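Visitor: If it helps, the file is called data_30.pdb and holds PDB, C-alpha atoms:
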MODEL        1
ATOM      1  CA  GLU A   1     -25.752 -15.314 -17.388
ATOM      2  CA  SER A   2     -29.399 -14.538 -16.577
ATOM      3  CA  ILE A   3     -28.461 -11.156 -15.087
ATOM      4  CA  ASN A   4     -26.305 -10.370 -18.135
ATOM      5  CA  LYS A   5     -29.234 -11.205 -20.411
ATOM      6  CA  SER A   6     -31.559  -9.055 -18.290
ATOM      7  CA  ILE A   7     -29.206  -6.073 -18.522
ATOM      8  CA  PHE A   8     -28.752  -6.604 -22.272
ATOM      9  CA  THR A   9     -32.533  -6.840 -22.800
ATOM     10  CA  HIS A  10     -33.148  -3.754 -20.682
ATOM     11  CA  GLU A  11     -30.588  -1.747 -22.587
ATOM     12  CA  LYS A  12     -32.372  -2.708 -25.815
ATOM     13  CA  LEU A  13     -36.034  -2.557 -24.675
ATOM     14  CA  ASN A  14     -35.891  -0.457 -21.478
ATOM     15  CA  LEU A  15     -37.855  -3.094 -19.526
ATOM     16  CA  PHE A  16     -37.113  -1.812 -16.040
ATOM     17  CA  ASP A  17     -38.600   1.646 -16.325
ATOM     18  CA  PHE A  18     -40.997   1.976 -13.414
ATOM     19  CA  GLU A  19     -42.864   4.669 -15.326
ATOM     20  CA  ILE A  20     -44.228   1.880 -17.611
ATOM     21  CA  CYS A  21     -46.046  -1.223 -16.416
ATOM     22  CA  PRO A  22     -43.885  -4.309 -17.141
ATOM     23  CA  PHE A  23     -46.988  -6.338 -17.959
ATOM     24  CA  CYS A  24     -49.238  -4.131 -20.129
ATOM     25  CA  ALA A  25     -46.642  -1.486 -21.148
ATOM     26  CA  HIS A  26     -49.045   1.371 -20.241
ATOM     27  CA  SER A  27     -47.861   4.468 -18.375
ATOM     28  CA  VAL A  28     -48.071   4.227 -14.607
ATOM     29  CA  GLU A  29     -48.862   7.076 -12.292
ATOM     30  CA  LYS A  30     -47.004   5.802  -9.273
ATOM     31  CA  GLU A  31     -47.885   7.151  -5.852
ATOM     32  CA  ASP A  32     -45.462   7.301  -2.906
ATOM     33  CA  LYS A  33     -45.501   4.067  -0.847
ATOM     34  CA  LYS A  34     -47.980   2.524  -3.319
ATOM     35  CA  CYS A  35     -47.466  -0.602  -5.414
ATOM     36  CA  LEU A  36     -47.837  -0.475  -9.206
ATOM     37  CA  CYS A  37     -51.248  -2.058  -8.698
ATOM     38  CA  GLY A  38     -52.257   0.770  -6.344
ATOM     39  CA  ASN A  39     -52.253  -1.153  -3.058
ATOM     40  CA  ASP A  40     -50.386   0.091   0.006
ATOM     41  CA  ILE A  41     -46.832  -1.233   0.492
ATOM     42  CA  SER A  42     -46.240  -2.879   3.863
ATOM     43  CA  GLU A  43     -42.571  -2.948   4.960
ATOM     44  CA  ASN A  44     -43.058  -6.398   6.521
ATOM     45  CA  ASN A  45     -44.299  -8.240   3.424
ATOM     46  CA  TYR A  46     -42.655  -6.122   0.709
ATOM     47  CA  GLU A  47     -39.983  -7.694  -1.484
ATOM     48  CA  LYS A  48     -38.591  -6.034  -4.570
ATOM     49  CA  PHE A  49     -38.453  -8.170  -7.730
ATOM     50  CA  LEU A  50     -37.852  -5.452 -10.293
ATOM     51  CA  TYR A  51     -34.615  -3.426 -10.342
ATOM     52  CA  ASP A  52     -33.221  -0.712 -12.542
ATOM     53  CA  SER A  53     -30.185  -1.237 -14.754
ATOM     54  CA  SER A  54     -27.621   0.065 -12.219
ATOM     55  CA  GLU A  55     -28.962  -2.274  -9.515
ATOM     56  CA  TYR A  56     -28.734  -5.251 -11.839
ATOM     57  CA  LYS A  57     -25.154  -4.304 -12.656
ATOM     58  CA  GLU A  58     -24.341  -4.063  -8.932
ATOM     59  CA  ILE A  59     -25.881  -7.529  -8.405
ATOM     60  CA  LEU A  60     -23.870  -8.828 -11.361
ATOM     61  CA  LYS A  61     -20.661  -7.334  -9.920
ATOM     62  CA  TYR A  62     -21.324  -9.027  -6.562
ATOM     63  CA  LYS A  63     -22.071 -12.361  -8.227
ATOM     64  CA  GLU A  64     -18.922 -12.169 -10.355
ATOM     65  CA  LYS A  65     -16.832 -11.404  -7.260
ATOM     66  CA  SER A  66     -18.360 -14.354  -5.426
ATOM     67  CA  LEU A  67     -17.712 -16.601  -8.423
ATOM     68  CA  GLU A  68     -14.116 -15.394  -8.584
ATOM     69  CA  SER A  69     -13.619 -16.184  -4.868
ATOM     70  CA  ILE A  70     -15.169 -19.656  -5.343
ATOM     71  CA  ASN A  71     -12.903 -20.385  -8.326
ATOM     72  CA  MET A  72      -9.833 -19.307  -6.331
ATOM     73  CA  SER A  73     -10.911 -21.548  -3.451
ATOM     74  CA  ILE A  74     -11.421 -24.470  -5.861
ATOM     75  CA  LEU A  75      -7.942 -23.976  -7.325
ATOM     76  CA  SER A  76      -6.494 -23.846  -3.808
ATOM     77  CA  PHE A  77      -8.339 -27.039  -2.837
ATOM     78  CA  ILE A  78      -7.167 -28.777  -6.019
ATOM     79  CA  GLU A  79      -3.580 -27.832  -5.192
ATOM     80  CA  ASP A  80      -4.001 -29.116  -1.609
ATOM     81  CA  ILE A  81      -5.539 -32.343  -2.927
ATOM     82  CA  ASP A  82      -2.599 -32.843  -5.307
ATOM     83  CA  ASN A  83      -0.123 -32.264  -2.458
ATOM     84  CA  LEU A  84      -2.017 -34.635  -0.181
ATOM     85  CA  GLY A  85      -2.074 -37.228  -2.961
ATOM     86  CA  ILE A  86       1.721 -36.999  -3.277
ATOM     87  CA  GLU A  87       2.088 -37.249   0.505
ATOM     88  CA  ILE A  88      -0.209 -40.296   0.601
ATOM     89  CA  GLU A  89       1.840 -41.991  -2.105
ATOM     90  CA  ASN A  90       5.064 -41.292  -0.200
ATOM     91  CA  ASN A  91       3.535 -42.611   3.013
ATOM     92  CA  ASN A  92       2.319 -45.722   1.221
ATOM     93  CA  LEU A  93       5.870 -46.346  -0.002
ATOM     94  CA  LYS A  94       7.196 -45.903   3.534
ATOM     95  CA  ILE A  95       4.520 -48.279   4.844
ATOM     96  CA  LYS A  96       5.570 -50.888   2.331
ATOM     97  CA  GLU A  97       9.218 -50.465   3.282
ATOM     98  CA  LEU A  98       8.423 -50.696   7.001
ATOM     99  CA  ASN A  99       6.211 -53.731   6.483
ATOM    100  CA  GLN A 100       9.016 -55.432   4.569
ATOM    101  CA  PHE A 101      11.499 -54.495   7.308
ATOM    102  CA  ILE A 102       9.194 -55.824  10.060
ATOM    103  CA  LYS A 103       8.571 -59.006   8.093
ATOM    104  CA  SER A 104      12.301 -59.591   7.684
ATOM    105  CA  ALA A 105      12.912 -58.804  11.379
ATOM    106  CA  ILE A 106      10.256 -61.290  12.493
ATOM    107  CA  GLU A 107      11.603 -63.962  10.194
ATOM    108  CA  SER A 108      15.118 -63.468  11.596
ATOM    109  CA  ILE A 109      14.033 -64.093  15.181
ATOM    110  CA  GLU A 110      15.378 -67.529  16.241
ATOM    111  CA  TYR A 111      12.589 -68.202  18.709
ATOM    112  CA  SER A 112       8.862 -67.851  18.389
ATOM    113  CA  GLY A 113       8.125 -64.816  20.538
ATOM    114  CA  ASN A 114       5.052 -62.754  21.152
ATOM    115  CA  SER A 115       4.714 -59.879  18.633
ATOM    116  CA  LYS A 116       3.253 -57.630  21.364
ATOM    117  CA  ILE A 117       6.386 -58.107  23.470
ATOM    118  CA  ILE A 118       8.559 -57.236  20.460
ATOM    119  CA  GLU A 119       6.459 -54.139  19.775
ATOM    120  CA  SER A 120       6.720 -53.084  23.436
ATOM    121  CA  ILE A 121      10.501 -53.523  23.418
ATOM    122  CA  ASP A 122      10.764 -51.596  20.165
ATOM    123  CA  ASN A 123       8.706 -48.720  21.621
ATOM    124  CA  LYS A 124      10.899 -48.630  24.733
ATOM    125  CA  ILE A 125      14.002 -48.527  22.538
ATOM    126  CA  SER A 126      12.542 -45.595  20.593
ATOM    127  CA  GLU A 127      11.608 -43.756  23.788
ATOM    128  CA  THR A 128      15.098 -44.352  25.188
ATOM    129  CA  LYS A 129      16.692 -42.987  22.012
ATOM    130  CA  VAL A 130      14.521 -39.880  22.247
ATOM    131  CA  LYS A 131      15.554 -39.384  25.890
ATOM    132  CA  ILE A 132      19.216 -39.846  24.961
ATOM    133  CA  GLU A 133      18.931 -37.198  22.199
ATOM    134  CA  LYS A 134      17.204 -34.799  24.580
ATOM    135  CA  SER A 135      19.918 -35.400  27.184
ATOM    136  CA  LYS A 136      22.605 -34.683  24.591
ATOM    137  CA  GLU A 137      20.861 -31.437  23.700
ATOM    138  CA  LEU A 138      20.634 -30.466  27.381
ATOM    139  CA  VAL A 139      24.341 -31.210  27.877
ATOM    140  CA  THR A 140      25.221 -29.064  24.862
ATOM    141  CA  ILE A 141      22.998 -26.237  26.089
ATOM    142  CA  TYR A 142      24.463 -26.496  29.613
ATOM    143  CA  LYS A 143      28.033 -26.345  28.281
ATOM    144  CA  LEU A 144      27.095 -23.337  26.127
ATOM    145  CA  LYS A 145      25.464 -21.705  29.168
ATOM    146  CA  LEU A 146      28.626 -22.172  31.242
ATOM    147  CA  LYS A 147      30.742 -20.705  28.443
ATOM    148  CA  LYS A 148      28.420 -17.716  28.016
ATOM    149  CA  GLU A 149      28.351 -17.104  31.783
ATOM    150  CA  LYS A 150      32.136 -17.189  31.877
ATOM    151  CA  ASP A 151      32.359 -14.754  28.951
ATOM    152  CA  PHE A 152      29.719 -12.523  30.534
ATOM    153  CA  ASN A 153      31.492 -12.424  33.889
ATOM    154  CA  LYS A 154      34.768 -11.569  32.161
ATOM    155  CA  LYS A 155      33.180  -8.809  30.085
ATOM    156  CA  ASP A 156      31.181  -7.550  33.060
ATOM    157  CA  SER A 157      34.388  -7.266  35.069
ATOM    158  CA  THR A 158      36.070  -5.402  32.211
ATOM    159  CA  PHE A 159      33.034  -3.138  31.867
ATOM    160  CA  ASN A 160      33.078  -2.283  35.573
ATOM    161  CA  LEU A 161      36.776  -1.382  35.383
ATOM    162  CA  ILE A 162      36.195   0.782  32.315
ATOM    163  CA  LYS A 163      33.113   2.391  33.887
ATOM    164  CA  LYS A 164      35.051   3.156  37.053
ATOM    165  CA  SER A 165      37.822   4.707  34.998
ATOM    166  CA  PHE A 166      35.263   6.627  32.924
ATOM    167  CA  ASP A 167      33.480   7.922  36.036
ATOM    168  CA  GLU A 168      36.805   9.127  37.451
ATOM    169  CA  MET A 169      37.713  10.766  34.138
ATOM    170  CA  GLN A 170      34.276  12.378  33.882
ATOM    171  CA  LYS A 171      34.516  13.648  37.444
ATOM    172  CA  SER A 172      37.972  15.024  36.734
ATOM    173  CA  TYR A 173      36.719  16.548  33.479
ATOM    174  CA  LEU A 174      33.779  18.276  35.185
ATOM    175  CA  VAL A 175      36.058  19.714  37.853
ATOM    176  CA  ASN A 176      38.660  20.804  35.279
ATOM    177  CA  ASN A 177      36.008  22.109  32.888
ATOM    178  CA  LYS A 178      34.431  24.211  35.633
ATOM    179  CA  PHE A 179      37.895  25.515  36.532
ATOM    180  CA  ILE A 180      38.575  26.435  32.888
ATOM    181  CA  ILE A 181      35.158  28.066  32.383
ATOM    182  CA  ASP A 182      35.524  30.070  35.602
ATOM    183  CA  ASN A 183      38.946  31.342  34.513
ATOM    184  CA  PHE A 184      37.633  32.044  31.002
ATOM    185  CA  ASN A 185      34.773  34.069  32.512
ATOM    186  CA  ASN A 186      37.188  36.042  34.683
ATOM    187  CA  ILE A 187      39.257  37.152  31.668
ATOM    188  CA  TYR A 188      36.271  37.630  29.380
ATOM    189  CA  ASN A 189      34.392  39.673  31.978
ATOM    190  CA  GLU A 190      37.425  41.904  32.568
ATOM    191  CA  LEU A 191      37.873  42.585  28.842
ATOM    192  CA  MET A 192      34.166  43.212  28.184
ATOM    193  CA  LYS A 193      33.946  45.764  30.998
ATOM    194  CA  LEU A 194      36.840  47.686  29.387
ATOM    195  CA  SER A 195      35.456  47.387  25.839
ATOM    196  CA  SER A 196      33.222  49.874  24.027
ATOM    197  CA  CYS A 197      30.305  47.640  25.028
ATOM    198  CA  ASN A 198      30.620  48.780  28.678
ATOM    199  CA  ALA A 199      29.081  45.537  29.962
ATOM    200  CA  SER A 200      28.519  45.240  33.710
ATOM    201  CA  PHE A 201      29.008  41.477  33.645
ATOM    202  CA  ALA A 202      29.945  39.019  30.879
ATOM    203  CA  SER A 203      30.306  35.233  30.909
ATOM    204  CA  ILE A 204      29.770  32.110  28.805
ATOM    205  CA  ASP A 205      27.067  29.475  29.360
ATOM    206  CA  GLU A 206      27.395  25.665  29.345
ATOM    207  CA  ASP A 207      27.441  25.713  25.532
ATOM    208  CA  TYR A 208      30.235  28.326  25.581
ATOM    209  CA  ASN A 209      27.994  31.060  24.164
ATOM    210  CA  PRO A 210      28.691  34.580  25.516
ATOM    211  CA  ILE A 211      26.013  36.244  27.653
ATOM    212  CA  LEU A 212      26.108  39.950  28.529
ATOM    213  CA  ASP A 213      24.478  41.358  31.673
ATOM    214  CA  GLY A 214      22.400  38.227  32.260
ATOM    215  CA  GLY A 215      21.023  38.168  28.710
ATOM    216  CA  ASP A 216      19.622  41.727  28.613
ATOM    217  CA  TYR A 217      19.107  43.233  25.173
ATOM    218  CA  ARG A 218      22.175  44.968  23.745
ATOM    219  CA  GLU A 219      22.401  47.265  20.754
ATOM    220  CA  LYS A 220      23.955  46.074  17.492
ATOM    221  CA  SER A 221      27.252  47.806  18.293
ATOM    222  CA  ALA A 222      27.838  45.205  21.057
ATOM    223  CA  ILE A 223      28.280  42.402  18.490
ATOM    224  CA  VAL A 224      31.845  43.374  17.473
ATOM    225  CA  PRO A 225      33.407  43.713  20.959
ATOM    226  CA  LYS A 226      31.524  40.635  22.223
ATOM    227  CA  ARG A 227      33.052  38.520  19.460
ATOM    228  CA  MET A 228      36.482  40.191  19.531
ATOM    229  CA  MET A 229      36.914  39.801  23.305
ATOM    230  CA  TYR A 230      35.798  36.163  22.996
ATOM    231  CA  TYR A 231      38.753  35.373  20.718
ATOM    232  CA  PHE A 232      41.125  37.538  22.746
ATOM    233  CA  THR A 233      40.116  35.438  25.787
ATOM    234  CA  LEU A 234      40.729  32.194  23.868
ATOM    235  CA  MET A 235      44.241  33.401  23.001
ATOM    236  CA  ALA A 236      44.879  34.367  26.650
ATOM    237  CA  MET A 237      43.621  30.964  27.884
ATOM    238  CA  SER A 238      45.818  29.045  25.415
ATOM    239  CA  LEU A 239      48.862  30.994  26.652
ATOM    240  CA  LYS A 240      47.868  30.584  30.293
ATOM    241  CA  TYR A 241      47.205  26.815  30.343
ATOM    242  CA  GLU A 242      49.182  24.175  28.433
ATOM    243  CA  THR A 243      46.234  21.738  28.553
ATOM    244  CA  ILE A 244      44.158  24.020  26.315
ATOM    245  CA  LYS A 245      44.907  22.958  22.743
ATOM    246  CA  HIS A 246      43.604  26.125  21.082
ATOM    247  CA  PRO A 247      46.354  27.316  18.680
ATOM    248  CA  LYS A 248      48.264  30.360  19.890
ATOM    249  CA  PHE A 249      47.379  32.102  16.648
ATOM    250  CA  LEU A 250      44.725  34.694  15.864
ATOM    251  CA  LEU A 251      43.793  36.087  12.441
ATOM    252  CA  MET A 252      41.342  38.997  12.435
ATOM    253  CA  ASP A 253      40.197  40.645   9.219
ATOM    254  CA  THR A 254      39.009  44.277   9.420
ATOM    255  CA  PRO A 255      36.470  44.246  12.279
ATOM    256  CA  GLU A 256      33.253  45.997  11.262
ATOM    257  CA  GLU A 257      32.415  49.044  13.329
ATOM    258  CA  ALA A 258      28.624  48.435  13.493
ATOM    259  CA  GLY A 259      28.080  51.837  15.131
ATOM    260  CA  ILE A 260      31.240  51.797  17.288
ATOM    261  CA  ASP A 261      32.892  55.225  17.444
ATOM    262  CA  ASP A 262      36.338  53.946  18.384
ATOM    263  CA  ILE A 263      37.206  50.466  17.067
ATOM    264  CA  ALA A 264      40.840  50.990  18.060
ATOM    265  CA  LYS A 265      39.791  51.027  21.733
ATOM    266  CA  ASN A 266      38.648  47.417  21.440
ATOM    267  CA  ILE A 267      41.722  46.309  19.469
ATOM    268  CA  LYS A 268      44.090  47.698  22.125
ATOM    269  CA  LEU A 269      42.482  45.393  24.692
ATOM    270  CA  PHE A 270      44.551  42.602  23.145
ATOM    271  CA  ASP A 271      47.412  43.865  25.345
ATOM    272  CA  ASN A 272      45.167  43.468  28.388
ATOM    273  CA  ALA A 273      44.379  39.904  27.267
ATOM    274  CA  LEU A 274      48.133  39.168  27.094
ATOM    275  CA  GLU A 275      48.632  40.502  30.604
ATOM    276  CA  LEU A 276      45.737  38.411  31.882
ATOM    277  CA  SER A 277      47.342  35.325  30.299
ATOM    278  CA  LYS A 278      50.204  35.451  32.807
ATOM    279  CA  ASN A 279      49.900  33.317  35.937
ATOM    280  CA  SER A 280      52.003  35.863  37.883
ATOM    281  CA  SER A 281      53.204  39.428  37.339
ATOM    282  CA  SER A 282      56.829  38.263  36.982
ATOM    283  CA  GLU A 283      55.965  35.623  34.357
ATOM    284  CA  SER A 284      56.741  36.397  30.731
ATOM    285  CA  ILE A 285      54.153  36.133  27.984
ATOM    286  CA  GLY A 286      54.395  32.990  25.852
ATOM    287  CA  ASP A 287      54.910  32.831  22.080
ATOM    288  CA  TYR A 288      51.924  33.791  19.946
ATOM    289  CA  GLN A 289      51.017  35.400  16.632
ATOM    290  CA  PHE A 290      48.248  37.936  15.950
ATOM    291  CA  ILE A 291      47.642  39.015  12.342
ATOM    292  CA  LEU A 292      45.244  41.938  12.037
ATOM    293  CA  THR A 293      43.991  43.941   9.065
ATOM    294  CA  THR A 294      42.221  47.231   9.669
ATOM    295  CA  GLY A 295      40.776  50.021   7.573
ATOM    296  CA  HIS A 296      42.203  53.538   7.490
ATOM    297  CA  ASN A 297      40.864  56.561   9.444
ATOM    298  CA  ASN A 298      42.574  55.685  12.732
ATOM    299  CA  ARG A 299      41.113  52.219  13.038
ATOM    300  CA  CYS A 300      44.573  50.847  13.778
ATOM    301  CA  PRO A 301      45.716  51.771  17.324
ATOM    302  CA  ARG A 302      48.760  54.071  17.331
ATOM    303  CA  GLU A 303      50.545  51.657  19.673
ATOM    304  CA  TYR A 304      50.282  49.014  16.940
ATOM    305  CA  GLU A 305      51.691  51.097  14.060
ATOM    306  CA  LYS A 306      55.184  49.773  14.804
ATOM    307  CA  PHE A 307      53.883  46.291  13.927
ATOM    308  CA  ILE A 308      52.490  47.287  10.499
ATOM    309  CA  LYS A 309      54.058  45.140   7.760
ATOM    310  CA  ILE A 310      52.220  46.490   4.714
ATOM    311  CA  ARG A 311      49.801  49.257   3.768
ATOM    312  CA  PHE A 312      47.597  49.369   0.721
ATOM    313  CA  ARG A 313      44.860  51.701  -0.427
ATOM    314  CA  LYS A 314      43.541  52.175  -3.910
ATOM    315  CA  GLU A 315      42.848  55.898  -3.500
ATOM    316  CA  SER A 316      46.478  56.685  -2.646
ATOM    317  CA  GLY A 317      47.908  54.268  -5.207
ATOM    318  CA  ASP A 318      49.286  51.843  -2.634
ATOM    319  CA  PHE A 319      48.793  48.238  -3.789
ATOM    320  CA  ILE A 320      49.877  44.879  -2.408
ATOM    321  CA  LEU A 321      51.557  44.069  -5.716
ATOM    322  CA  LYS A 322      54.244  46.591  -6.682
ATOM    323  CA  ARG A 323      55.110  47.454 -10.270
ATOM    324  CA  LYS A 324      58.692  46.474 -11.161
TER     325      LYS A 324
ENDMDL
END
For this file, write the structure as structure tokens.

Guide:
Amino acid sequence: ESINKSIFTHEKLNLFDFEICPFCAHSVEKEDKKCLCGNDISENNYEKFLYDSSEYKEILKYKEKSLESINMSILSFIEDIDNLGIEIENNNLKIKELNQFIKSAIESIEYSGNSKIIESIDNKISETKVKIEKSKELVTIYKLKLKKEKDFNKKDSTFNLIKKSFDEMQKSYLVNNKFIIDNFNNIYNELMKLSSCNASFASIDEDYNPILDGGDYREKSAIVPKRMMYYFTLMAMSLKYETIKHPKFLLMDTPEEAGIDDIAKNIKLFDNALELSKNSSSESIGDYQFILTTGHNNRCPREYEKFIKIRFRKESGDFILKRK
């Protein structure tokens, strides 16, 4: 309250202006490290008693925060006191009940015994009951432990069998996968060497991505044959091995030339892929279907013209839908 009054008075009368003496109200020419009276200020015995308005407000803020903390502590203590009072009352009730019980127990004793002996016996009974309860808990825990160990051993045995089976399957898979990738690379490499790409060596990596000539840079025109031979190889592999579940069906829609002079050269390699799908020269090629659309200007190989089912071209008036 005093600080509030000081701030209020200062705001009205400007009391804390160090340019004016607070005692005589005359102007003060204050020198650096000099008191208002003109004496030197010693750091050891100097204590500031006059503050400006902002410093008083900071002091007020600190005091208010301290007061708020004290009030919260008081409320907390009051709540604890109330709870302790309730607990004391409950304990007093229990004490009365126990006293009444003890009094009745003593009165019911047929002989005049020593109260210390009775108290000792009662304590031993209580200790025995505690031991019995602890023993029961230990028995329960032991039984649970035996059950868990039995379940664990059973599951551990099952896990080991499954792991053994998994390891065998994984080993078999790695061997089979290497066999499949090697055979895929053989067909893919053969087709890529014959394609317009003229690759020296082609294969797929562990992620089944095609790599040409060890990853050397290839021009844009290599994109079409690289992709086309990839799918031709998939078709050949699905015909060659029954375990490969790739459908024996290929749909190819007008391959872009991308700088290739003769797209038909790459398309004709599908026949080579079919030949490579045979496990022996005397074996016949399995059932398959290859649907291909090509542009005009000799993009369709002449050998494949006998397979053409439909032609359409706007410039010549040939449309898929025919006028009735």

Visitor: I'd like to see the residues matched by the PyMOL selection byres ((chain A and resi 204) around 10) on this file, and ideally I'd get them as a PyMOL selection string.

Guide: chain A and resi 181-182+184-185+188-189+202-203+205-212+230

Visitor: With all atoms listed in the file as the atoms that count, which of A:Leu250, A:Ala105, A:Ile291, A:Arg299 lies nearest to Asp122 in chain A?

Guide: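 Using all atoms listed in the file, Asp122 in chain A sits closest to A:Ala105.
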
Visitor: Leu60 in chain A: which residues within 10 Å, counting all atoms listed in the file, same-chain residues fewer than 6 positions away excluded, as a PDB file with C-alpha atoms, in the coordinates of the input?

Guide:
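New file result10.pdb:
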ATOM      1  CA  GLU A   1     -25.752 -15.314 -17.388  1.00  0.00           C
ATOM      2  CA  SER A   2     -29.399 -14.538 -16.577  1.00  0.00           C
ATOM      3  CA  ILE A   3     -28.461 -11.156 -15.087  1.00  0.00           C
ATOM      4  CA  ASN A   4     -26.305 -10.370 -18.135  1.00  0.00           C
ATOM      5  CA  ILE A   7     -29.206  -6.073 -18.522  1.00  0.00           C
ATOM      6  CA  SER A  54     -27.621   0.065 -12.219  1.00  0.00           C
ATOM      7  CA  SER A  66     -18.360 -14.354  -5.426  1.00  0.00           C
TER       8      SER A  66
END

Visitor: Could you tell me how far CA of Ser126 in chain A sits from CA of Thr140 in chain A, in Å to one decimal place?

Guide: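 Taking CA of Thr140 in chain A and CA of Ser126 in chain A, their separation equals 21.3 Å.
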
Visitor: CA of Ile106 in chain A and CA of Ile118 in chain A are how many Å apart?

Guide: 9.1 Å

Visitor: Taking the file above as input, evaluate the PyMOL selection byres ((chain A and resi 286) around 6) and report the hits as a ChimeraX atom specification.

Guide: /A:239,285,287

Visitor: Just want the 9 Å neighbourhood of Arg302 in chain A, counted on only C-alpha atoms, with same-chain residues fewer than 4 positions away dropped. Output as a PyMOL selection string.

Guide: chain A and resi 264+298+306

Visitor: The PyMOL selection byres ((chain A and resi 244) around 12) - which residues does that actually catch in the file I just gave you? List them as a tab-separated table (two decimals) with C-alpha atoms, in the frame of the given file.

Guide:
chain	number	residue	atom	x	y	z
A	176	ASN	CA	38.66	20.80	35.28
A	177	ASN	CA	36.01	22.11	32.89
A	180	ILE	CA	38.58	26.44	32.89
A	181	ILE	CA	35.16	28.07	32.38
A	184	PHE	CA	37.63	32.04	31.00
A	234	LEU	CA	40.73	32.19	23.87
A	235	MET	CA	44.24	33.40	23.00
A	236	ALA	CA	44.88	34.37	26.65
A	237	MET	CA	43.62	30.96	27.88
A	238	SER	CA	45.82	29.04	25.42
A	239	LEU	CA	48.86	30.99	26.65
A	240	LYS	CA	47.87	30.58	30.29
A	241	TYR	CA	47.20	26.82	30.34
A	242	GLU	CA	49.18	24.18	28.43
A	243	THR	CA	46.23	21.74	28.55
A	245	LYS	CA	44.91	22.96	22.74
A	246	HIS	CA	43.60	26.12	21.08
A	247	PRO	CA	46.35	27.32	18.68
A	248	LYS	CA	48.26	30.36	19.89
